[in-house]
Amino acid sequence: MERRHSRPPLPTLRPDASPDPLRRALLVGFGATYVLSLVPFAWAQAVPDAAMAPFMALSAVLVGRPSLDPAQAKRLYDALAANDPGFPAAAKQLLDTVEQRKIDPMQLQQTLNDENSPLKDLPRQVVTAWFLGIVGSGKNARCVAFETALNAQVVADILKPPTYAYGAYGSWTRNPAEGPDHG
C-alpha cells in the first residue's frame with residue numbers, strides 16, 4: 001500500500017505585499033557576517049609586498065576565496081598598477097568602503113553603480129584579472145595568467161585548459177574575423 005504525504009501549499013507573495021523588514025535585516029546580517037569572515041583571513045595571508053595587503057584582502061572578498069596564490073597576486077597587482085598608477089590607492093579605498101559600510105559582495109557592484117562611484121570599475125577589473133587572467137581591455141589587454149586563472153581552477157578537477165594553440169604556428173596572432181592569409 002502506497003502512502004502519500006500531503007504538503008501544505010507554499011506561501012505565495014501577493015503583488016501588494018510589502019517586504020518583511022525582519023527578513024531583510026537577517027539577510028543583510030548574514031551578508032555582512034560573510035564579508036567580515038573573509039577579510040581577516042585575507043589580511044592574514046602572506047603577501048610578497050606590504051603594499052599589496054589591501055589588494056589581497058579586496059581580492060579575497062571579491063572572488064570569494066579566503067586564500068589566493070601570492071605569486072599570481074603579485075603578477076596581477078603589478079599589471080593592474082602598471083595599467084593604472086592610481087590602482088593601489090583605489091583598491092585600499094574600496095576595501096575600506098566595504099569594511100566600513102559592511103557591503104555584501106553580491107551587492108557591491110550594484111551599490112557602486114547606483115552611487116556613480118569613481119570606484120565602480122574596480123571590482124570588474126580585479127575579478128577579471130583573477131578569473132580570466134587578463135588585465136586591461138581592447139588593444140591594451142594583457143594575459144597575465146592562463147592555466148592558473150581562477151576560471152580554470154574552478155573546473156580543474158574535471159577539465160584541463162589547453163596550454164597550446166590549436167591552430168598552426170602563429171595562428172593565434174591573427175584576429176579570427178580577418179580569416180586566413182591567402183597571399
# chains A, B, ... in the order shown; residues from 1 in each chain; ligands from 1
>>> residues_around(residues="segment 90-97 of chain A", least_positions_apart="3", cutoff="10 Å", atoms="only C-alpha atoms", output="list in words")
Val39, Ala51, Met52, Ala53, Pro54, Phe55, Met56, Ala57, Leu58, Ser59, Val61, Leu62, Asp84, Pro85, Gly86, Phe87, Gln100, Arg101, Lys102, Ile103, Leu108, Leu112, Pro118, Leu119, Lys120, Leu122, Pro123 and Val126 of chain A
>>> write_last_selection(atoms="N, CA and C atoms", output="CSV table (one decimal), in the first residue's frame")
chain,number,residue,atom,x,y,z
A,39,VAL,N,37.5,38.8,5.3
A,39,VAL,CA,38.6,39.9,5.4
A,39,VAL,C,39.7,39.5,6.4
A,51,ALA,N,52.5,46.6,0.5
A,51,ALA,CA,51.6,47.5,-0.3
A,51,ALA,C,50.5,46.7,-0.9
A,52,MET,N,50.7,45.4,-1.1
A,52,MET,CA,49.7,44.5,-1.7
A,52,MET,C,48.6,44.0,-0.8
A,53,ALA,N,48.8,44.2,0.5
A,53,ALA,CA,47.9,43.7,1.5
A,53,ALA,C,46.4,44.1,1.2
A,54,PRO,N,46.1,45.4,1.0
A,54,PRO,CA,44.7,45.8,0.7
A,54,PRO,C,44.2,45.1,-0.6
A,55,PHE,N,45.1,44.9,-1.6
A,55,PHE,CA,44.7,44.2,-2.8
A,55,PHE,C,44.3,42.8,-2.5
A,56,MET,N,45.1,42.1,-1.7
A,56,MET,CA,44.9,40.7,-1.4
A,56,MET,C,43.5,40.6,-0.6
A,57,ALA,N,43.3,41.5,0.3
A,57,ALA,CA,42.1,41.4,1.1
A,57,ALA,C,40.9,41.7,0.2
A,58,LEU,N,41.0,42.7,-0.6
A,58,LEU,CA,39.9,43.1,-1.5
A,58,LEU,C,39.6,41.9,-2.5
A,59,SER,N,40.7,41.3,-3.0
A,59,SER,CA,40.6,40.2,-3.9
A,59,SER,C,39.8,39.0,-3.3
A,61,VAL,N,37.7,39.1,-0.9
A,61,VAL,CA,36.3,39.5,-0.8
A,61,VAL,C,35.6,39.3,-2.1
A,62,LEU,N,36.2,39.9,-3.2
A,62,LEU,CA,35.5,39.9,-4.5
A,62,LEU,C,35.4,38.5,-5.1
A,84,ASP,N,47.2,51.3,-14.3
A,84,ASP,CA,46.6,52.5,-13.7
A,84,ASP,C,47.4,52.8,-12.4
A,85,PRO,N,48.3,53.8,-12.5
A,85,PRO,CA,49.1,54.2,-11.3
A,85,PRO,C,48.3,54.4,-10.0
A,86,GLY,N,47.0,54.8,-10.2
A,86,GLY,CA,46.1,55.1,-9.0
A,86,GLY,C,45.5,53.8,-8.5
A,87,PHE,N,45.8,52.6,-9.1
A,87,PHE,CA,45.1,51.4,-8.7
A,87,PHE,C,45.4,51.1,-7.2
A,100,GLN,N,33.9,49.4,6.2
A,100,GLN,CA,33.2,50.4,7.0
A,100,GLN,C,31.7,50.3,6.8
A,101,ARG,N,31.2,50.1,5.5
A,101,ARG,CA,29.8,50.0,5.3
A,101,ARG,C,29.2,48.6,5.3
A,102,LYS,N,30.1,47.6,5.4
A,102,LYS,CA,29.7,46.2,5.5
A,102,LYS,C,28.8,45.9,4.3
A,103,ILE,N,29.3,46.2,3.1
A,103,ILE,CA,28.6,45.9,1.9
A,103,ILE,C,28.7,44.5,1.5
A,108,LEU,N,27.8,44.7,-4.0
A,108,LEU,CA,28.8,45.8,-4.2
A,108,LEU,C,28.8,46.5,-5.5
A,112,LEU,N,27.9,50.5,-6.0
A,112,LEU,CA,28.8,51.4,-6.6
A,112,LEU,C,28.2,52.1,-7.9
A,118,PRO,N,33.3,56.7,-8.2
A,118,PRO,CA,34.5,56.6,-9.1
A,118,PRO,C,35.2,55.3,-9.0
A,119,LEU,N,34.8,54.4,-8.0
A,119,LEU,CA,35.4,53.1,-7.9
A,119,LEU,C,34.6,52.0,-8.6
A,120,LYS,N,33.6,52.4,-9.3
A,120,LYS,CA,32.7,51.4,-9.9
A,120,LYS,C,33.3,50.4,-10.9
A,122,LEU,N,36.4,49.3,-10.6
A,122,LEU,CA,37.5,48.5,-9.9
A,122,LEU,C,37.1,47.0,-9.6
A,123,PRO,N,35.9,46.7,-9.1
A,123,PRO,CA,35.6,45.3,-8.9
A,123,PRO,C,35.7,44.5,-10.1
A,126,VAL,N,39.4,43.8,-11.0
A,126,VAL,CA,40.0,42.8,-10.1
A,126,VAL,C,39.5,41.4,-10.4
>>> residues_around(residues="Val63 of chain A", least_positions_apart="6", cutoff="9 Å", atoms="only C-alpha atoms", output="list in words")
Pro105, Val126, Val127, Trp130, Phe131 and Leu150 of chain A
>>> write_last_selection(atoms="C-alpha atoms", output="PDB file, in the first residue's frame")
ATOM      1  CA  PRO A 105      29.987  41.419  -2.084  1.00  0.00           C
ATOM      2  CA  VAL A 126      40.019  42.787 -10.109  1.00  0.00           C
ATOM      3  CA  VAL A 127      37.593  39.932 -10.793  1.00  0.00           C
ATOM      4  CA  TRP A 130      41.711  36.818 -11.148  1.00  0.00           C
ATOM      5  CA  PHE A 131      39.189  34.761 -13.118  1.00  0.00           C
ATOM      6  CA  LEU A 150      40.511  31.052 -11.323  1.00  0.00           C
TER       7      LEU A 150
END
>>> closest_residue(among="A:Ala152, A:Ala141, A:Ala129, A:Leu22", to="Leu76 of chain A", atoms="only C-alpha atoms")
A:Ala129
>>> atom_distance(atom1="atom CA of Val98 of chain A", atom2="atom CA of Asn151 of chain A")
24.3 Å
